[in-house]
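Quick look at model_35.txt (compact mmCIF, C-alpha atoms and all ligand atoms):
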# COMPACT_ATOMS: atom_id res chain seq x y z
CA MET A 1 59.65 -161.13 -284.79
CA GLN A 2 56.55 -161.88 -282.72
CA GLU A 3 57.92 -165.21 -281.56
CA GLN A 4 61.20 -163.53 -280.75
CA ILE A 5 59.50 -160.95 -278.52
CA LYS A 6 57.57 -163.63 -276.63
CA SER A 7 60.69 -165.65 -275.97
CA ILE A 8 62.61 -162.74 -274.40
CA ASN A 9 62.99 -163.18 -270.64
CA THR A 10 64.65 -159.99 -269.40
CA LEU A 11 63.66 -156.34 -269.56
CA GLU A 12 67.16 -155.43 -270.78
CA GLU A 13 66.94 -157.75 -273.80
CA LEU A 14 63.46 -156.49 -274.57
CA GLN A 15 64.68 -152.89 -274.45
CA ALA A 16 67.56 -153.79 -276.81
CA LEU A 17 65.20 -155.37 -279.35
CA TYR A 18 62.81 -152.42 -279.07
CA THR A 19 65.64 -150.01 -279.89
CA ALA A 20 66.73 -152.22 -282.80
CA THR A 21 63.18 -152.06 -284.12
CA PHE A 22 61.86 -148.60 -283.31
CA GLY A 23 65.05 -146.66 -282.57
CA LYS A 24 66.61 -144.10 -284.89
CA ASN A 25 68.24 -146.82 -287.00
CA GLY A 26 65.62 -149.43 -286.24
CA THR A 27 64.25 -151.85 -288.80
CA MET A 28 60.68 -150.64 -288.41
CA THR A 29 61.79 -147.01 -288.45
CA ALA A 30 63.46 -147.66 -291.81
CA LYS A 31 60.32 -149.28 -293.19
CA LEU A 32 58.17 -146.39 -292.00
CA LYS A 33 60.50 -143.89 -293.59
CA ASN A 34 59.99 -145.71 -296.87
CA MET A 35 56.19 -145.63 -296.55
CA LYS A 36 55.70 -142.92 -299.19
CA ASN A 37 56.97 -145.31 -301.86
CA LEU A 38 54.35 -147.97 -301.08
CA ASP A 39 50.89 -148.47 -302.51
CA ASN A 40 47.80 -148.11 -300.33
CA ASP A 41 47.45 -151.77 -299.45
CA ALA A 42 51.08 -152.10 -298.49
CA ARG A 43 50.85 -148.93 -296.40
CA ALA A 44 47.80 -150.22 -294.53
CA LYS A 45 49.57 -153.50 -293.91
CA LEU A 46 52.66 -151.77 -292.61
CA ASN A 47 50.56 -149.61 -290.29
CA ARG A 48 48.85 -152.66 -288.82
CA GLU A 49 52.20 -154.36 -288.40
CA ASN A 50 53.57 -151.27 -286.64
CA VAL A 51 50.67 -151.02 -284.17
CA ALA A 52 50.64 -154.76 -283.45
CA LEU A 53 54.38 -154.85 -282.79
CA ARG A 54 54.24 -151.92 -280.37
CA GLU A 55 51.43 -153.59 -278.45
CA LEU A 56 53.35 -156.80 -278.29
CA PHE A 57 56.39 -155.04 -276.85
CA LYS A 58 54.20 -153.27 -274.31
CA SER A 59 52.46 -156.42 -273.11
CA ARG A 60 55.73 -158.40 -272.87
CA GLN A 61 57.19 -155.52 -270.84
CA THR A 62 54.24 -155.63 -268.43
CA GLU A 63 54.61 -159.41 -268.06
CA LEU A 64 58.33 -159.15 -267.33
CA GLU A 65 57.81 -156.30 -264.83
CA ASN A 66 55.17 -158.29 -262.95
CA ALA A 67 57.39 -161.35 -262.85
CA ALA A 68 60.26 -159.24 -261.44
CA MET A 69 58.00 -157.79 -258.75
CA HIS A 70 56.75 -161.20 -257.68
CA ALA A 71 60.27 -162.54 -257.52
CA ALA A 72 61.34 -159.59 -255.33
CA LEU A 73 58.38 -160.05 -252.98
CA ALA A 74 59.02 -163.78 -252.69
CA ALA A 75 62.66 -163.12 -251.80
CA GLN A 76 61.68 -160.66 -249.01
CA ARG A 77 58.92 -162.74 -247.51
CA LEU A 78 58.90 -163.15 -243.70
CA ASP A 79 58.33 -166.55 -242.26
CA PRO A 80 55.97 -165.92 -239.31
CA SER A 81 56.01 -169.57 -238.31
CA LEU A 82 59.54 -169.35 -236.87
CA ASP A 83 59.65 -169.38 -233.04
CA ILE A 84 61.08 -166.38 -231.17
CA LEU A 85 63.68 -167.27 -228.60
CA PRO A 86 62.12 -167.28 -225.11
CA GLU A 87 65.38 -165.88 -223.65
CA ASN A 88 64.73 -162.63 -225.48
CA ARG A 89 61.44 -161.91 -223.83
CA GLY A 90 61.53 -158.93 -221.44
CA THR A 91 60.37 -158.97 -217.82
CA LEU A 92 59.12 -156.28 -215.48
CA HIS A 93 61.66 -154.97 -212.98
CA PRO A 94 60.63 -155.90 -209.40
CA LEU A 95 60.34 -152.19 -208.57
CA THR A 96 58.03 -151.61 -211.51
CA GLN A 97 55.89 -154.53 -210.43
CA THR A 98 55.83 -153.25 -206.84
CA LEU A 99 54.81 -149.75 -207.90
CA SER A 100 52.02 -151.16 -209.99
CA ASP A 101 50.78 -153.24 -207.00
CA VAL A 102 51.09 -150.34 -204.54
CA SER A 103 49.48 -147.74 -206.78
CA SER A 104 46.52 -149.90 -207.71
CA ILE A 105 45.80 -150.49 -204.00
CA LEU A 106 46.22 -146.83 -202.97
CA GLU A 107 44.25 -145.61 -205.97
CA SER A 108 41.41 -147.96 -205.01
CA PHE A 109 41.37 -146.15 -201.62
CA GLY A 110 41.04 -142.81 -203.44
CA TYR A 111 44.68 -141.63 -203.26
CA GLU A 112 45.96 -139.86 -206.36
CA MET A 113 49.51 -140.48 -207.61
CA TRP A 114 51.96 -137.55 -207.73
CA THR A 115 55.59 -137.15 -208.72
CA GLY A 116 57.97 -134.23 -208.21
CA PRO A 117 61.50 -133.05 -209.00
CA GLU A 118 64.47 -135.11 -207.74
CA VAL A 119 66.56 -131.97 -207.35
CA GLU A 120 64.66 -130.07 -204.69
CA ASP A 121 65.02 -126.66 -203.14
CA ASP A 122 65.56 -126.25 -199.45
CA TRP A 123 61.98 -125.10 -198.90
CA HIS A 124 60.25 -128.26 -200.19
CA ASN A 125 62.74 -130.77 -198.84
CA PHE A 126 63.25 -129.23 -195.37
CA THR A 127 61.91 -125.83 -194.38
CA ALA A 128 58.25 -126.29 -195.36
CA LEU A 129 58.43 -129.69 -193.66
CA ASN A 130 58.99 -127.91 -190.34
CA THR A 131 62.72 -128.55 -190.48
CA PRO A 132 64.31 -125.09 -190.31
CA GLU A 133 68.02 -124.62 -190.88
CA TYR A 134 69.02 -124.91 -187.23
CA HIS A 135 66.83 -127.97 -186.69
CA PRO A 136 68.78 -131.05 -185.54
CA ALA A 137 66.67 -133.30 -187.78
CA ARG A 138 68.66 -132.03 -190.74
CA ASP A 139 71.58 -134.02 -189.42
CA MET A 140 69.55 -137.20 -189.31
CA GLN A 141 69.72 -137.36 -193.05
CA ASP A 142 73.02 -137.40 -194.80
CA THR A 143 72.11 -135.15 -197.63
CA PHE A 144 73.70 -134.57 -201.04
CA PHE A 145 73.86 -130.78 -201.22
CA LEU A 146 74.35 -129.10 -204.59
CA GLU A 147 76.57 -126.05 -204.96
CA ASN A 148 73.62 -123.73 -205.52
CA GLY A 149 72.04 -124.75 -202.20
CA ASN A 150 69.56 -127.20 -203.70
CA VAL A 151 69.59 -130.82 -202.58
CA MET A 152 69.03 -134.22 -204.08
CA ARG A 153 65.59 -134.96 -202.59
CA THR A 154 66.10 -136.94 -199.37
CA GLN A 155 62.44 -137.89 -198.95
CA THR A 156 59.27 -137.98 -201.00
CA SER A 157 57.73 -135.78 -198.29
CA ALA A 158 58.80 -132.90 -200.56
CA ILE A 159 56.08 -134.02 -202.98
CA GLN A 160 53.45 -133.63 -200.19
CA ILE A 161 54.38 -129.97 -199.91
CA ARG A 162 54.14 -129.45 -203.66
CA SER A 163 50.73 -131.13 -203.81
CA MET A 164 49.33 -129.10 -200.87
CA GLU A 165 50.71 -125.86 -202.30
CA LYS A 166 48.94 -126.61 -205.55
CA ILE A 167 45.66 -128.21 -204.43
CA GLY A 168 45.26 -127.10 -200.81
CA ALA A 169 42.78 -129.07 -198.68
CA PRO A 170 41.04 -131.45 -198.72
CA ILE A 171 43.62 -133.65 -200.44
CA LYS A 172 44.29 -137.38 -200.70
CA MET A 173 47.46 -138.20 -202.59
CA PHE A 174 50.56 -140.33 -202.67
CA GLY A 175 53.96 -139.27 -203.91
CA ILE A 176 56.41 -141.70 -205.48
CA GLY A 177 59.97 -141.38 -206.62
CA ALA A 178 63.71 -141.67 -206.23
CA THR A 179 65.33 -140.30 -203.08
CA TYR A 180 69.01 -139.79 -202.24
CA ARG A 181 71.12 -140.16 -199.10
CA LYS A 182 74.78 -140.71 -198.46
CA GLU A 183 74.66 -144.34 -197.41
CA MET A 184 75.57 -147.64 -198.97
CA ASP A 185 75.43 -151.26 -197.80
CA ALA A 186 73.30 -154.33 -198.56
CA THR A 187 70.14 -152.64 -197.31
CA HIS A 188 71.00 -149.02 -198.18
CA SER A 189 71.72 -147.49 -201.56
CA PRO A 190 72.61 -143.81 -202.18
CA MET A 191 69.64 -143.75 -204.54
CA PHE A 192 66.52 -145.52 -203.36
CA HIS A 193 62.80 -144.97 -203.63
CA GLN A 194 60.00 -143.91 -201.36
CA ILE A 195 56.25 -143.89 -201.51
CA GLU A 196 54.36 -141.56 -199.26
CA GLY A 197 50.64 -141.13 -198.57
CA LEU A 198 48.87 -137.97 -197.43
CA TYR A 199 45.24 -137.48 -196.45
CA ILE A 200 44.01 -134.08 -195.23
CA ASP A 201 40.35 -133.36 -194.57
CA THR A 202 38.07 -132.07 -191.81
CA ASP A 203 37.73 -135.19 -189.64
CA ILE A 204 40.82 -137.29 -190.14
CA THR A 205 42.26 -139.13 -187.15
CA MET A 206 45.04 -141.54 -186.29
CA SER A 207 42.48 -144.40 -186.54
CA ASP A 208 41.95 -143.57 -190.21
CA LEU A 209 45.70 -143.79 -190.70
CA ILE A 210 45.99 -147.21 -189.03
CA ALA A 211 42.95 -148.51 -190.92
CA ASP A 212 44.35 -147.51 -194.32
CA VAL A 213 47.82 -148.82 -193.52
CA ARG A 214 46.44 -152.15 -192.26
CA GLU A 215 44.23 -152.64 -195.31
CA PHE A 216 47.06 -151.61 -197.60
CA LEU A 217 49.53 -154.09 -196.07
CA LYS A 218 46.95 -156.91 -196.14
CA ARG A 219 46.37 -156.42 -199.82
CA PHE A 220 49.99 -155.82 -200.74
CA PHE A 221 51.31 -158.92 -198.97
CA GLU A 222 48.16 -160.89 -199.87
CA MET A 223 47.47 -161.88 -196.26
CA ASP A 224 44.11 -162.44 -194.54
CA ASP A 225 45.17 -160.24 -191.65
CA VAL A 226 48.27 -158.41 -190.47
CA GLU A 227 49.45 -157.87 -186.91
CA LEU A 228 50.68 -154.30 -186.43
CA ARG A 229 52.62 -152.62 -183.66
CA VAL A 230 52.75 -148.84 -183.28
CA ARG A 231 55.73 -147.19 -181.60
CA PRO A 232 56.14 -143.51 -180.81
CA SER A 233 58.74 -141.86 -182.98
CA TYR A 234 59.88 -138.47 -184.14
CA PHE A 235 59.67 -136.67 -187.47
CA PRO A 236 59.68 -132.87 -187.60
CA PHE A 237 56.72 -132.80 -189.99
CA THR A 238 54.33 -135.01 -187.99
CA GLU A 239 53.01 -134.66 -184.45
CA PRO A 240 52.48 -137.14 -182.97
CA SER A 241 54.86 -139.29 -185.00
CA ILE A 242 54.82 -143.07 -185.04
CA GLU A 243 56.67 -146.01 -186.51
CA ILE A 244 54.55 -148.92 -187.70
CA ASP A 245 55.91 -152.47 -187.41
CA MET A 246 54.40 -155.61 -188.85
CA LYS A 247 54.61 -159.20 -187.57
CA TRP A 248 56.55 -161.15 -190.17
CA HIS A 249 56.04 -164.90 -190.60
CA GLY A 250 54.63 -165.09 -187.08
CA ASP A 251 57.96 -164.61 -185.30
CA ARG A 252 59.62 -161.24 -185.73
CA TRP A 253 58.65 -157.59 -186.00
CA LEU A 254 59.61 -155.65 -189.10
CA GLU A 255 59.75 -151.89 -189.19
CA ILE A 256 57.54 -151.02 -192.15
CA MET A 257 56.93 -147.29 -192.21
CA GLY A 258 57.06 -143.89 -190.55
CA ALA A 259 53.82 -141.98 -190.12
CA GLY A 260 51.94 -139.46 -188.04
CA MET A 261 49.47 -136.59 -187.97
CA VAL A 262 50.74 -133.78 -190.19
CA HIS A 263 52.24 -131.01 -188.03
CA PRO A 264 50.12 -127.81 -188.08
CA ASN A 265 53.24 -125.82 -189.06
CA VAL A 266 53.46 -127.87 -192.26
CA LEU A 267 49.82 -127.19 -193.09
CA ARG A 268 50.30 -123.49 -192.35
CA ASN A 269 53.35 -123.42 -194.64
CA CYS A 270 51.02 -124.59 -197.41
CA ASN A 271 48.31 -122.03 -196.52
CA ILE A 272 45.91 -124.64 -195.17
CA ASP A 273 43.50 -123.55 -192.44
CA THR A 274 44.50 -125.58 -189.37
CA ASP A 275 41.31 -124.75 -187.49
CA LYS A 276 39.40 -126.60 -190.15
CA TYR A 277 41.73 -129.28 -191.50
CA GLN A 278 44.04 -131.94 -190.22
CA GLY A 279 45.30 -135.27 -191.51
CA PHE A 280 47.97 -137.91 -191.64
CA ALA A 281 51.01 -138.86 -193.68
CA PHE A 282 52.86 -142.15 -193.97
CA GLY A 283 56.04 -142.98 -195.84
CA PHE A 284 57.95 -146.14 -196.61
CA GLY A 285 60.78 -147.51 -198.70
CA TRP A 286 59.50 -148.73 -202.03
CA ASP A 287 62.63 -150.87 -202.56
CA ARG A 288 62.33 -152.35 -199.07
CA LEU A 289 58.73 -153.36 -199.66
CA ALA A 290 59.75 -155.05 -202.91
CA MET A 291 62.60 -156.87 -201.13
CA LEU A 292 60.22 -158.16 -198.44
CA LYS A 293 57.55 -159.29 -200.84
CA TYR A 294 59.87 -161.02 -203.27
CA GLY A 295 62.43 -162.30 -200.77
CA LEU A 296 65.39 -160.27 -202.09
CA SER A 297 68.29 -159.47 -199.80
CA ASP A 298 70.52 -156.91 -201.53
CA ILE A 299 69.07 -153.52 -202.51
CA ARG A 300 72.07 -152.78 -204.75
CA LYS A 301 70.94 -155.52 -207.16
CA PHE A 302 67.98 -153.36 -208.17
CA TYR A 303 70.35 -150.91 -209.85
CA ASP A 304 73.04 -153.18 -211.31
CA GLY A 305 71.17 -153.70 -214.55
CA ASP A 306 72.25 -157.36 -214.48
CA VAL A 307 69.95 -159.04 -216.97
CA ARG A 308 70.50 -162.52 -215.48
CA TRP A 309 69.34 -161.30 -212.06
CA LEU A 310 66.35 -159.54 -213.58
CA GLN A 311 65.38 -162.66 -215.47
CA LYS A 312 65.46 -164.66 -212.25
CA THR A 313 63.45 -162.15 -210.24
CA GLY A 314 61.44 -160.47 -213.00
CA PHE A 315 57.77 -160.92 -213.75
N1 LIG B 1 59.93 -138.96 -194.68
C1 LIG B 1 60.11 -139.93 -193.63
C2 LIG B 1 61.45 -140.66 -193.88
O1 LIG B 1 62.02 -140.48 -194.91
C3 LIG B 1 58.99 -140.93 -193.60
C4 LIG B 1 57.70 -140.34 -193.19
C5 LIG B 1 56.79 -139.91 -194.12
C6 LIG B 1 57.35 -140.17 -191.84
C7 LIG B 1 55.59 -139.33 -193.74
C8 LIG B 1 56.16 -139.64 -191.44
C9 LIG B 1 55.28 -139.22 -192.39
O2 LIG B 1 61.91 -141.40 -193.07

What would you get if you wrote out this structure as structure tokens?
Ligand code: PHE
Amino acid sequence: MQEQIKSINTLEELQALYTATFGKNGTMTAKLKNMKNLDNDARAKLNRENVALRELFKSRQTELENAAMHAALAAQRLDPSLDILPENRGTLHPLTQTLSDVSSILESFGYEMWTGPEVEDDWHNFTALNTPEYHPARDMQDTFFLENGNVMRTQTSAIQIRSMEKIGAPIKMFGIGATYRKEMDATHSPMFHQIEGLYIDTDITMSDLIADVREFLKRFFEMDDVELRVRPSYFPFTEPSIEIDMKWHGDRWLEIMGAGMVHPNVLRNCNIDTDKYQGFAFGFGWDRLAMLKYGLSDIRKFYDGDVRWLQKTGF
């Protein structure tokens, strides 16, 4: 019997033999039932045999269970030495990379990053920005109007208003996000992105604006110096308003951003004391900056989700 138990190799067979031995009609059960007819020595012997057999079953069961567990683990084992396919590695989208470059530069100048809702109300997108309903500047932007009178945000300038309403002055922030206008060609997409800086304090001048923009562009394009040109322009929310161009590869001027001193009406709309505070704002196309830096020509590619394009341009 003992040899038989040791030679069993499956839990099922062991269970069957156990039942045949200790079950209701088992061989050992029969012997134990007959115990009363035995003399003392024979009883003692039978008892020892009973205990020893049970232990043997138990230890063989443990052995078989361990063996089964090891076999299962071996079958599931991962092979960490296999190479992953390089094609499956992700890349950063050029816009993500650009935002990370832009925000680390602006944050190092002390600007704090803000976001805001993409569906804006009339107040934040236009009225508070000194663009009342009858103002012709509302026609400059082909706006997506919603049925309830809200708009798809046409400019991140709306985030300026929200930040000034919440924090007041002094404030040094930049707003980032998606913006929407009804236009579409290789350099315009109905959804695009803007980044906009705002700095309001007691002694802020146009020179501070130019200094920050110059330093920002130098760092962003990794150039020793940048040649800038400032042209007068018009935005309802800045006075005076300017357009800043940058000399590109030594031969042509590129329009880089709109900027200006924040119009006192805008500050007043945000309950900021205009006798005490003034400041500047500047805004540019986040997509456009990415296209310039990475030599991309079609803005629509940013939103196609074409993995092959992303792998070529990604980081
Ligand atoms: N919001 C302006 C635009 O969309 C850009 C701008 C921002 C101009 C801040 C001046 C100051 O064109």

Inset, instruction - Pick out the closest residue to Ala186 in chain A from this set: A:Ala259, A:Met223, A:Ile299, A:Leu92. Count all atoms listed in the file. - result: A:Ile299

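Minimum atom-to-atom distances from A:Gly90, A:Lys33, A:Met152, A:Gln4 to Lys312 in chain A were compared using only C-alpha atoms, and the lowest value belongs to A:Gly90.
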
Inset, instruction - Would you mind listing what lies within 6 Å of range 271-286 of chain A as a PyMOL selection string, with all atoms listed in the file counted and same-chain residues fewer than 4 positions away left out? - result: chain A and resi 193-202+204+257-262+267

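Restricting the calculation to only C-alpha atoms, the smallest distance between Phe144 in chain A and any of A:Asn125, A:Thr187, A:Thr156, A:Asn34 is found for A:Asn125.
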
Inset, instruction - Counting all atoms listed in the file, find the residues whose atoms lie at most 10 Å from (47.1, -157.2, -195.6) (file coordinates) and write them out as a count of residues only. - result: 15

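With all atoms listed in the file as the atoms that count, the minimum distance from ligand LIG 1 (chain B) to the choices A:Arg138, A:Arg229, A:Met246, A:Met184 is reached by A:Arg138.
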
Legend entry - Exercise: Asp185 in chain A partners within 12 Å, only C-alpha atoms, chain neighbours under 5 positions left out, as a list in words: Pro190, Met191, Phe192, Ser297, Asp298, Ile299, Arg300 and Lys301 of chain A

As lines of an AutoDock Vina configuration file, what would the box around range 95-101 of chain A look like: edges along x, y and z, 5 Å added on every side, centre and edge lengths in Å to one decimal?
center_x = 55.6
center_y = -152.1
center_z = -209.2
size_x = 19.6
size_y = 14.8
size_z = 14.7

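Counting from CA of Met164 in chain A, the distance to CA of Val230 in chain A is 26.7 Å.
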
Inset, instruction - Find the residues around Ile161 in chain A up to 9 Å (all atoms listed in the file counted), leave out those fewer than 3 positions away in its own chain, and share them as a ChimeraX atom specification. - result: /A:124-125,128-129,157-158,164-166,266-267,269-270

Legend entry - Å distance separating CA of Leu46 in chain A from CA of Gln15 in chain A, one decimal place: 21.8 Å

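Compared by their closest atoms to ligand LIG 1 (chain B), and using all atoms listed in the file, the residues A:Ser233, A:Thr313, A:Thr96, A:Asn40 rank with A:Ser233 nearest.
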
Legend entry - Contacts of Glu118 in chain A at 10 Å (only C-alpha atoms; same-chain gap of 5+ positions) as an MDAnalysis selection string: chainID A and resid 151:156 158:159 177:180

Generate the output file for the selected residues, C-alpha atoms, as a short mmCIF file (atom, residue, chain, number, x, y, z; two decimals), keeping the file's coordinate frame.
data_model
loop_
_atom_site.label_atom_id
_atom_site.label_comp_id
_atom_site.auth_asym_id
_atom_site.auth_seq_id
_atom_site.Cartn_x
_atom_site.Cartn_y
_atom_site.Cartn_z
CA VAL A 151 69.59 -130.82 -202.58
CA MET A 152 69.03 -134.22 -204.08
CA ARG A 153 65.59 -134.96 -202.59
CA THR A 154 66.10 -136.94 -199.37
CA GLN A 155 62.44 -137.89 -198.95
CA THR A 156 59.27 -137.98 -201.00
CA ALA A 158 58.80 -132.90 -200.56
CA ILE A 159 56.08 -134.02 -202.98
CA GLY A 177 59.97 -141.38 -206.62
CA ALA A 178 63.71 -141.67 -206.23
CA THR A 179 65.33 -140.30 -203.08
CA TYR A 180 69.01 -139.79 -202.24
#

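Of note, CA of Thr29 in chain A and CA of Thr62 in chain A are spaced 23.1 Å apart.
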
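Among the candidates A:Glu239, A:Asp122, A:Asp139, A:Asp287, the one nearest to ligand LIG 1 (chain B) when counting all atoms listed in the file is A:Glu239.
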
Write out as a PDB file with C-alpha atoms, in the frame of the given file the residues lying within 8 Å of Pro232 in chain A, counting all atoms listed in the file and excluding same-chain residues fewer than 5 positions away.
ATOM      1  CA  PRO A 240      52.480-137.140-182.970  1.00  0.00           C
ATOM      2  CA  SER A 241      54.860-139.290-185.000  1.00  0.00           C
ATOM      3  CA  ILE A 242      54.820-143.070-185.040  1.00  0.00           C
ATOM      4  CA  GLU A 243      56.670-146.010-186.510  1.00  0.00           C
TER       5      GLU A 243
END

Output range 174-250 of chain A from the block with C-alpha atoms, as an mmCIF file, in the first residue's frame?
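New file out06.cif:
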data_model
loop_
_atom_site.group_PDB
_atom_site.id
_atom_site.type_symbol
_atom_site.label_atom_id
_atom_site.label_comp_id
_atom_site.auth_asym_id
_atom_site.auth_seq_id
_atom_site.Cartn_x
_atom_site.Cartn_y
_atom_site.Cartn_z
ATOM 1 C CA PHE A 174 -0.718 82.842 -19.912
ATOM 2 C CA GLY A 175 -3.790 81.148 -21.293
ATOM 3 C CA ILE A 176 -3.604 78.158 -23.616
ATOM 4 C CA GLY A 177 -6.183 76.230 -25.538
ATOM 5 C CA ALA A 178 -8.218 75.380 -28.607
ATOM 6 C CA THR A 179 -9.907 78.199 -30.509
ATOM 7 C CA TYR A 180 -12.469 78.056 -33.328
ATOM 8 C CA ARG A 181 -13.111 80.080 -36.470
ATOM 9 C CA LYS A 182 -14.864 79.380 -39.721
ATOM 10 C CA GLU A 183 -11.837 79.007 -41.957
ATOM 11 C CA MET A 184 -10.020 76.153 -43.608
ATOM 12 C CA ASP A 185 -6.977 75.906 -45.879
ATOM 13 C CA ALA A 186 -3.373 74.722 -45.545
ATOM 14 C CA THR A 187 -2.582 77.366 -42.940
ATOM 15 C CA HIS A 188 -6.038 77.674 -41.324
ATOM 16 C CA SER A 189 -8.076 75.045 -39.546
ATOM 17 C CA PRO A 190 -11.557 75.585 -38.040
ATOM 18 C CA MET A 191 -10.059 74.390 -34.763
ATOM 19 C CA PHE A 192 -6.612 75.688 -33.922
ATOM 20 C CA HIS A 193 -4.777 76.729 -30.790
ATOM 21 C CA GLN A 194 -3.607 79.945 -29.235
ATOM 22 C CA ILE A 195 -1.321 80.904 -26.409
ATOM 23 C CA GLU A 196 -1.700 84.299 -24.857
ATOM 24 C CA GLY A 197 0.339 86.150 -22.232
ATOM 25 C CA LEU A 198 -0.893 88.831 -19.842
ATOM 26 C CA TYR A 199 1.088 90.931 -17.376
ATOM 27 C CA ILE A 200 -0.654 93.611 -15.294
ATOM 28 C CA ASP A 201 1.124 95.525 -12.551
ATOM 29 C CA THR A 202 1.860 99.106 -11.474
ATOM 30 C CA ASP A 203 4.752 99.969 -13.802
ATOM 31 C CA ILE A 204 4.424 97.857 -16.909
ATOM 32 C CA THR A 205 5.325 99.412 -20.247
ATOM 33 C CA MET A 206 5.594 98.481 -23.904
ATOM 34 C CA SER A 207 9.363 97.953 -23.372
ATOM 35 C CA ASP A 208 8.603 95.165 -20.910
ATOM 36 C CA LEU A 209 6.401 93.566 -23.540
ATOM 37 C CA ILE A 210 9.078 93.698 -26.250
ATOM 38 C CA ALA A 211 11.744 92.442 -23.833
ATOM 39 C CA ASP A 212 9.696 89.397 -22.811
ATOM 40 C CA VAL A 213 8.670 88.605 -26.382
ATOM 41 C CA ARG A 214 12.261 88.905 -27.635
ATOM 42 C CA GLU A 215 13.636 86.667 -24.890
ATOM 43 C CA PHE A 216 10.813 84.198 -25.398
ATOM 44 C CA LEU A 217 11.413 83.924 -29.163
ATOM 45 C CA LYS A 218 15.183 83.580 -28.691
ATOM 46 C CA ARG A 219 14.723 80.675 -26.344
ATOM 47 C CA PHE A 220 11.906 79.034 -28.269
ATOM 48 C CA PHE A 221 13.721 79.068 -31.620
ATOM 49 C CA GLU A 222 17.087 78.474 -29.913
ATOM 50 C CA MET A 223 18.712 81.495 -31.542
ATOM 51 C CA ASP A 224 21.429 83.795 -30.152
ATOM 52 C CA ASP A 225 19.408 86.840 -31.115
ATOM 53 C CA VAL A 226 16.220 87.655 -32.985
ATOM 54 C CA GLU A 227 15.496 90.661 -35.176
ATOM 55 C CA LEU A 228 12.017 92.027 -34.474
ATOM 56 C CA ARG A 229 9.843 94.531 -36.292
ATOM 57 C CA VAL A 230 6.876 96.214 -34.632
ATOM 58 C CA ARG A 231 3.954 97.438 -36.733
ATOM 59 C CA PRO A 232 0.930 99.367 -35.506
ATOM 60 C CA SER A 233 -2.217 97.301 -35.591
ATOM 61 C CA TYR A 234 -5.699 97.191 -34.162
ATOM 62 C CA PHE A 235 -7.370 94.967 -31.583
ATOM 63 C CA PRO A 236 -10.344 96.240 -29.593
ATOM 64 C CA PHE A 237 -8.861 95.014 -26.310
ATOM 65 C CA THR A 238 -5.427 96.666 -26.597
ATOM 66 C CA GLU A 239 -4.460 100.306 -27.054
ATOM 67 C CA PRO A 240 -2.024 100.860 -28.602
ATOM 68 C CA SER A 241 -2.065 97.586 -30.527
ATOM 69 C CA ILE A 242 0.900 96.172 -32.400
ATOM 70 C CA GLU A 243 1.867 93.261 -34.598
ATOM 71 C CA ILE A 244 5.296 91.756 -33.985
ATOM 72 C CA ASP A 245 7.253 90.316 -36.930
ATOM 73 C CA MET A 246 10.455 88.329 -36.774
ATOM 74 C CA LYS A 247 13.269 88.082 -39.339
ATOM 75 C CA TRP A 248 13.278 84.508 -40.569
ATOM 76 C CA HIS A 249 16.456 82.895 -41.915
ATOM 77 C CA GLY A 250 17.893 86.351 -42.577
#
